[in-house]
Each structure stands twice: as structure tokens, then as C-alpha cells.
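See below for the structure under consideration.
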There are 2 protein chains.
Amino acid sequence: MLKVVKIGGNVVDNPEKLTSFLEDFAALEGPKVLVHGGGKIATTISKALGIETQMIEGRRVTDAQTLDVVTMVYAGLVNKKIVARLQGLRVNAFGLCGADGSLMPSLKRIPNPIDFGYVGDPIVERFSVSTAQMLIDSGYTLVVAPITHAGTGMLLNTNADTVAQTVAVALSGVYEVELVYCFEKKGVLSDINDEYSVIPRITLPEYELLKKSGVVVAGMIPKLDNAFKAIASGVKSVVICGSDAIAAPGYGGTKLVGE
Amino acid sequence: MLKVVKIGGNVVDNPEKLTSFLEDFAALEGPKVLVHGGGKIATTISKALGIETQMIEGRRVTDAQTLDVVTMVYAGLVNKKIVARLQGLRVNAFGLCGADGSLMPSLKRIPNPIDFGYVGDPIVERFSVSTAQMLIDSGYTLVVAPITHAGTGMLLNTNADTVAQTVAVALSGVYEVELVYCFEKKGVLSDINDEYSVIPRITLPEYELLKKSGVVVAGMIPKLDNAFKAIASGVKSVVICGSDAIAAPGYGGTKLVGE
């Protein structure tokens, strides 16, 4: 079983959480891939460099200068710090972005109706399974930054959840894959006000019922819809759990499965 | 023959030179590795972030904040831009730093008599020949950023000339290696005032004579001493040439050989 684990800003931005997460991740047995987001460091550095952050409908526009900053921060600072620290924990980590070995070619999003700039959507069929497989089968733990490329010389900023999902789906042809999203909450809750009301396991038919009955809150629906799409595309299971839970068996979170 | 080509700031900082260099490099036949320096971008970004650059005896001190900046710029921005552009030129480039797959472990320089901070000197015996060989033999072109690691979780800033030399020496056990330093001048000149006075070939005995006779200018001696050390350690030849010359047969520069 190959585990593809995704962490976001809530872990990357918090030194204590990151340290504790990396120790747990290092202890995970079997082949594994880590996909990380960038956190707030990119915004801090953009500000310091006097680059204005333009938001449209709550989403960041990636102009040429912002692309430089996210490339530096995600594929440089965050990626290499994680790699060095995992090496220090005796994990043979190997950092890369979607341009390296053409791991993840993507398509620049069409500028219509909204021009988000240098943002790419991965083309899962063009993911380089051979690059990833060579490294994984040689015992390396991939650490993937959410920067992809168009194949024409252009780098593209890419959503880290989507990067994790693309890695998981593309590799499900050669491995049994579990995709683990580390999240602010402990899992999918049956009561939004009770953080201990984690639903341990949800099948696709159960999910349809939970959606109809309104138990799953609106904000979770796109995430869960995508998770079930990954399962429909070959991923064995998707786990949504807290970043402090990956060392526990079953991760203490919610496991989504087809049936 | 594996070619290890090193470019410095004079190429990285100049968009036209970089474009023309990458086209020439893409056209080079056979397996090849590119080692790049960082150029002035790190200094510009340090200034913008309000990080003071401290110099001792003409050399930059790498404090924790400066290490973050060089990691971002060298292993992130410069490395990934070069990788994406080579991919656009149909070269299957793969960017990495010395922490990735523990390619290049190094030793933090002792803080005595001068504390240069987070600066590392590569341990050639601990270079991961297997990581490099796996990638090179699978057809990837390595693009190496001058950031190494101590193996304890710590990244270290490392001189790019030394990184190139370490790659060349370490891989000379498994390949016939030519190390190519792209340089501001066209090669080793017999007359410092005549840029066309390039000496095409220098053997070690000839070099000893040139040094004695004062033909080789003082500034070139450390570079040439290191080149002949690389040759003594197994590298077949070292070429010193202009960055616009790598496409030409013999590079139009100076070829250093043992005998």
C-alpha cells in the first residue's frame, strides 16, 4: 500500500506541528509520498517584496512576480527544509516539483471568464508514472511541491489538494494507493460543534445519504466529492484526519471507501 | 563521456545569455549534468527583506535568514526555472539540491578562526553515486543547486564551483567525466590583455611551467589548482571556456588534462 499524505498551511506554518508531523510521517511504514502546500510564508515574502496580492472571488491571482515567489517558497524553502529534516529522521526523502522529470504536466487555466494568471490544472494522463515509480521502488520518499509546468518552459502554480489527488490517481495504476488529507479538524464530523463526533468510515452510498440529510456541511462537500472522484478513478481509500493523527492506526479520522 | 557543466552568476543573471546557454546546453550530446550558482537575485531579495549581508574577507556570511534566502533562490527559483526551460527544449531535466536523495552530504565549516555560518564543504566519499547514476542512466539531465545538507536536518550553503567539482570527482568512478567551467573569459589567456590569446590545451607539467613563468595570473591559480586536483582524483579533463562556447567542438576554451 502506497500512502500519499497531504499537509497544508496549518502544519507548514506551525514549527511545532511540523516537527511533530514529520516525526509521525517518518515512522509510517511502507512506501509513502508527501505533498505539501505553501502556507503563509509566500504572502509574507510577497508583501516584503512589495508585490500586491490580487484576489478574485476569494482566490489568489498568480501574476509573473507571484509565480516567482511561490516557486521560491514552495519548491525551494518549504520543500528543501522538509527534505533535509526527513533526512535527519533517516528517511531518504527526495524533493521535487511537477517540472522535475516532467512529473506533473499541467494546462494553464483559460483566462475566461476570470484570468487567474499562471495557474495550472494537472493532466493526470501525462503524469510521469515512470519517474515516480523509479524513485519510490528505489526506496526514496517523494516530497512534492505544488508547482507544475506546461511543458513549454512555463512553471504554473497548482492547488496542493489537486496535486495530491493527481499523484494518488496516477499511481493507482501501479500501486494500491491510500490518499490521506491532513486537515484542521479530526475528520468528517456528524455534529459540527462536537470535534469528537468523527464519522470513522463513509462509503459512497452512505455519503449520498449524508449529503441529502444535510449532515455533511456545505464547505466539506467539494473536498468529499473530489475524494470520491479519486476513489472512482482507482484510489483504494481516502482518509481525512488531523495532522496529529497519522501515526495512529486508522489515523483516528474518517476513511472514505467505494463500498 | 559524462559532461558536468557549471554556470555562474554572469549567465544566471543575464536573461539573454541564459536563453542562449540553455539552447546550446540542450543541444550537447550524451549524458550531462548542469550545476548552477545563484547570481545576484539572492542579494536583491535579501535587501528587500531587510536582511543585512555580512561579508568577512570578501566572503558572504550565511546566517539563518540568509540560508533561507539562498535555499529559496538557488534550489527554488533558479533551479526550477532552468528545469522548466530545459523541459521546453525537450531535455528531460531533473532539478535537485544536495539534500534530495542525500545527493551531497557536507560538513558545516568549523567556526574557527572565522564563523561563516551555515556553509558546508561537501564530503565527496559520501556523495550518493547511486542516486545520480539511477537518474542519469534513466535519461534524466540533472540540474544541481549549490545547497547541501549535514544529514542532521540542516541545509548548508555551498560554493557552486566546489559542488561541480564534487559531482565530477564522485561520478568519475562510474563514468568518464569532463568538467566544464563556463567563465567570464574565453579560457586561460597567455596575454591577459588579449582575449583571443586562449591557450587551447594545458597539461599538468605545462601548467607548472606556466605558473613559474608568471604567465598564469594570480587570480586564476586557485581555480586551476582545483581543476588539476579534480584530474588527479579521476576526472578525465577540465575545460574552462566562455558560456557561449559550449556548443563548439572543444568549446573554444582551454582544456586541462593530466598529461
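Simple scheme: letters A, B, ... for chains in C-alpha cells order, numbers from 1 for residues in each chain, numbers from 1 for ligands in the order shown.
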Can you check which parts of chain A lie within 8 Å of chain B? Per residue, the shortest pair of atoms and distance in Å to one decimal, counting only C-alpha atoms, sorted by chain and number, as a tab-separated table.
residue	atom	partner	partner_atom	distance
A:Ile45	CA	B:Leu49	CA	7.5
A:Ala48	CA	B:Leu49	CA	5.7
A:Leu49	CA	B:Ala48	CA	5.7
A:Asp68	CA	B:Leu77	CA	6.4
A:Val69	CA	B:Leu77	CA	7.8
A:Thr71	CA	B:Leu77	CA	5.6
A:Met72	CA	B:Gly76	CA	4.4
A:Val73	CA	B:Met72	CA	5.8
A:Tyr74	CA	B:Gly76	CA	7.6
A:Ala75	CA	B:Gly76	CA	5.0
A:Gly76	CA	B:Gly76	CA	3.5
A:Leu77	CA	B:Met72	CA	4.7
A:Lys80	CA	B:Ala99	CA	7.1
A:Lys81	CA	B:Leu155	CA	7.2
A:Val83	CA	B:Ala99	CA	6.5
A:Ala84	CA	B:Gly153	CA	4.5
A:Arg85	CA	B:Gly153	CA	3.9
A:Leu86	CA	B:Gly153	CA	6.9
A:Gln87	CA	B:Gly151	CA	6.0
A:Gly88	CA	B:Thr152	CA	4.1
A:Leu89	CA	B:Gly153	CA	7.5
A:Asn92	CA	B:Gly101	CA	5.6
A:Ala93	CA	B:Gly101	CA	5.6
A:Phe94	CA	B:Asp100	CA	4.3
A:Gly95	CA	B:Asp100	CA	5.7
A:Leu96	CA	B:Gly95	CA	7.3
A:Cys97	CA	B:Lys80	CA	8.0
A:Ala99	CA	B:Ala84	CA	5.6
A:Asp100	CA	B:Phe94	CA	4.3
A:Gly101	CA	B:Phe94	CA	4.9
A:Ser102	CA	B:Asn92	CA	6.9
A:Tyr140	CA	B:Gly101	CA	6.8
A:His149	CA	B:Ala84	CA	6.6
A:Gly151	CA	B:Gly88	CA	5.3
A:Thr152	CA	B:Gly88	CA	4.1
A:Gly153	CA	B:Arg85	CA	3.9
A:Met154	CA	B:Ala84	CA	6.1
A:Leu155	CA	B:Ala84	CA	6.3
Mind dumping the selected residues with C-alpha atoms as a short mmCIF file (atom, residue, chain, number, x, y, z; two decimals), in the first residue's frame?
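The resulting file, result_23.cif, is shown below:
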data_model
loop_
_atom_site.label_atom_id
_atom_site.label_comp_id
_atom_site.auth_asym_id
_atom_site.auth_seq_id
_atom_site.Cartn_x
_atom_site.Cartn_y
_atom_site.Cartn_z
CA ILE A 45 7.50 37.45 1.29
CA ALA A 48 8.06 42.37 1.83
CA LEU A 49 8.92 42.50 -1.88
CA ASP A 68 8.40 33.63 -8.82
CA VAL A 69 7.57 33.93 -5.12
CA THR A 71 8.20 28.86 -6.89
CA MET A 72 10.87 30.06 -4.44
CA VAL A 73 8.85 29.39 -1.32
CA TYR A 74 7.05 26.14 -2.22
CA ALA A 75 9.65 24.36 -4.39
CA GLY A 76 12.66 25.91 -2.62
CA LEU A 77 12.31 26.89 1.02
CA LYS A 80 14.07 21.55 0.87
CA LYS A 81 13.58 22.23 4.58
CA VAL A 83 13.56 17.09 2.77
CA ALA A 84 16.54 17.95 5.00
CA ARG A 85 14.53 17.32 8.16
CA LEU A 86 13.24 13.96 6.91
CA GLN A 87 16.84 13.05 6.00
CA GLY A 88 17.73 13.90 9.60
CA LEU A 89 15.00 11.43 10.66
CA ASN A 92 15.63 9.06 2.27
CA ALA A 93 13.49 11.99 1.14
CA PHE A 94 13.66 13.39 -2.37
CA GLY A 95 12.04 16.74 -3.12
CA LEU A 96 10.62 17.63 -6.48
CA CYS A 97 8.05 19.78 -8.22
CA ALA A 99 8.64 20.17 -13.68
CA ASP A 100 11.32 17.76 -12.40
CA GLY A 101 11.45 14.78 -14.70
CA SER A 102 8.20 16.25 -16.08
CA TYR A 140 13.05 7.22 -1.88
CA HIS A 149 4.79 23.02 -15.65
CA GLY A 151 5.97 21.61 -20.92
CA THR A 152 6.79 24.77 -22.89
CA GLY A 153 9.22 26.23 -20.37
CA MET A 154 6.49 27.72 -18.17
CA LEU A 155 6.01 26.94 -14.49
#
Excluding same-chain residues fewer than 3 positions from B:Ala248, what lies within 12 Å of it counting only C-alpha atoms, as a short mmCIF file (atom, residue, chain, number, x, y, z; two decimals) with C-alpha atoms, in the first residue's frame?
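After the write, around.cif holds the following:
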data_model
loop_
_atom_site.label_atom_id
_atom_site.label_comp_id
_atom_site.auth_asym_id
_atom_site.auth_seq_id
_atom_site.Cartn_x
_atom_site.Cartn_y
_atom_site.Cartn_z
CA PHE B 21 23.32 28.99 -22.99
CA ASP B 24 23.46 25.26 -26.51
CA PHE B 25 23.34 23.00 -23.43
CA ALA B 27 21.98 20.54 -27.97
CA LEU B 28 25.00 18.93 -26.23
CA GLU B 29 25.01 15.23 -26.98
CA CYS B 241 35.57 28.39 -21.51
CA GLY B 242 33.03 31.14 -22.15
CA SER B 243 29.35 30.35 -21.60
CA ASP B 244 28.74 30.99 -25.32
CA ALA B 245 31.25 28.33 -26.33
CA TYR B 251 34.33 24.66 -26.61
CA GLY B 252 36.88 27.18 -27.93
CA GLY B 253 38.30 27.30 -24.41
#
Helix (DSSP H, G or I) positions in stretch 79-219 of chain B, given as JSON, numbers by chain: {"B": [79, 80, 81, 82, 83, 84, 85, 86, 87, 88, 100, 101, 102, 124, 125, 126, 129, 130, 131, 132, 133, 134, 135, 136, 137, 160, 161, 162, 163, 164, 165, 166, 167, 168, 169, 170, 171, 204, 205, 206, 207, 208, 209, 210, 211, 212, 213, 218, 219]}
Atom CA of B:Asp161 to atom CA of B:Pro111, straight-line distance in Å: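 Value for the atom CA of B:Pro111-atom CA of B:Asp161 distance: 21.5 Å.
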Given only C-alpha atoms as the counted atoms, nearest of A:Cys182, A:Ala168, A:Lys32, A:Asp121 to A:Lys17: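 Going through A:Cys182, A:Ala168, A:Lys32, A:Asp121 one by one, the smallest distance to A:Lys17 is for A:Cys182.
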Shell of 12 Å around B:Asn10, only C-alpha atoms, local chain residues under 2 positions omitted, as a PyMOL selection string: chain B and resi 6-8+12-18+21+36-41+182-185+242-244
Test item: residues at most 12 Å from A:Gly30, only C-alpha atoms, excluding those fewer than 6 positions along its chain, as number ranges by chain: A: 1-4, 91, 136-137, 139-141, 175-178
DSSP strand (DSSP E or B) selection over stretch 2-87 of chain B, as a VMD selection string: chain B and resid 2 to 7 32 to 36 55 to 56 59 to 60 62
Taking C-alpha atoms for each residue, export the selection above as a short mmCIF file (atom, residue, chain, number, x, y, z; two decimals), in the first residue's frame.
data_model
loop_
_atom_site.label_atom_id
_atom_site.label_comp_id
_atom_site.auth_asym_id
_atom_site.auth_seq_id
_atom_site.Cartn_x
_atom_site.Cartn_y
_atom_site.Cartn_z
CA LEU B 2 29.51 12.46 -18.96
CA LYS B 3 29.74 16.25 -19.11
CA VAL B 4 29.38 18.23 -15.89
CA VAL B 5 28.83 21.88 -16.84
CA LYS B 6 28.94 24.71 -14.30
CA ILE B 7 27.44 28.17 -14.88
CA LYS B 32 25.14 15.73 -18.91
CA VAL B 33 24.73 17.47 -15.58
CA LEU B 34 24.25 21.21 -15.05
CA VAL B 35 25.44 22.87 -11.85
CA HIS B 36 24.34 26.46 -11.35
CA MET B 55 30.97 39.94 4.46
CA ILE B 56 34.22 38.76 6.05
CA ARG B 59 33.11 36.30 1.55
CA ARG B 60 29.46 36.23 2.48
CA THR B 62 25.37 32.73 5.81
#
Long-range neighbours of B:Val216 as an NGL selection string, 12 Å cut-off, only C-alpha atoms, 2 positions minimum in chain: :B and (187-192 or 198-199 or 202 or 206-214 or 218-225)
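The closest residue to B:Val167, picked from B:Lys186, B:Lys255, B:Arg126, B:Arg201 and counting only C-alpha atoms, is B:Arg126.
Minimum atom-to-atom distances from A:Thr66, A:Gly117, A:Pro31, A:Val11 to A:Thr43 were compared using only C-alpha atoms, and the lowest value belongs to A:Thr66.
Reported to one decimal place, the separation of atom CA of A:Pro113 from atom CA of A:Gln165 is 25.4 Å.
Minimum atom-to-atom distances from B:Ala170, B:Ala160, B:Val235, B:Ala145 to B:Ile123 were compared using only C-alpha atoms, and the lowest value belongs to B:Ala170.
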One-decimal distance in Å that lies between atom CA of A:Asn226 and atom CA of A:Val257: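 For atom CA of A:Val257 relative to atom CA of A:Asn226, the distance reads 12.5 Å.
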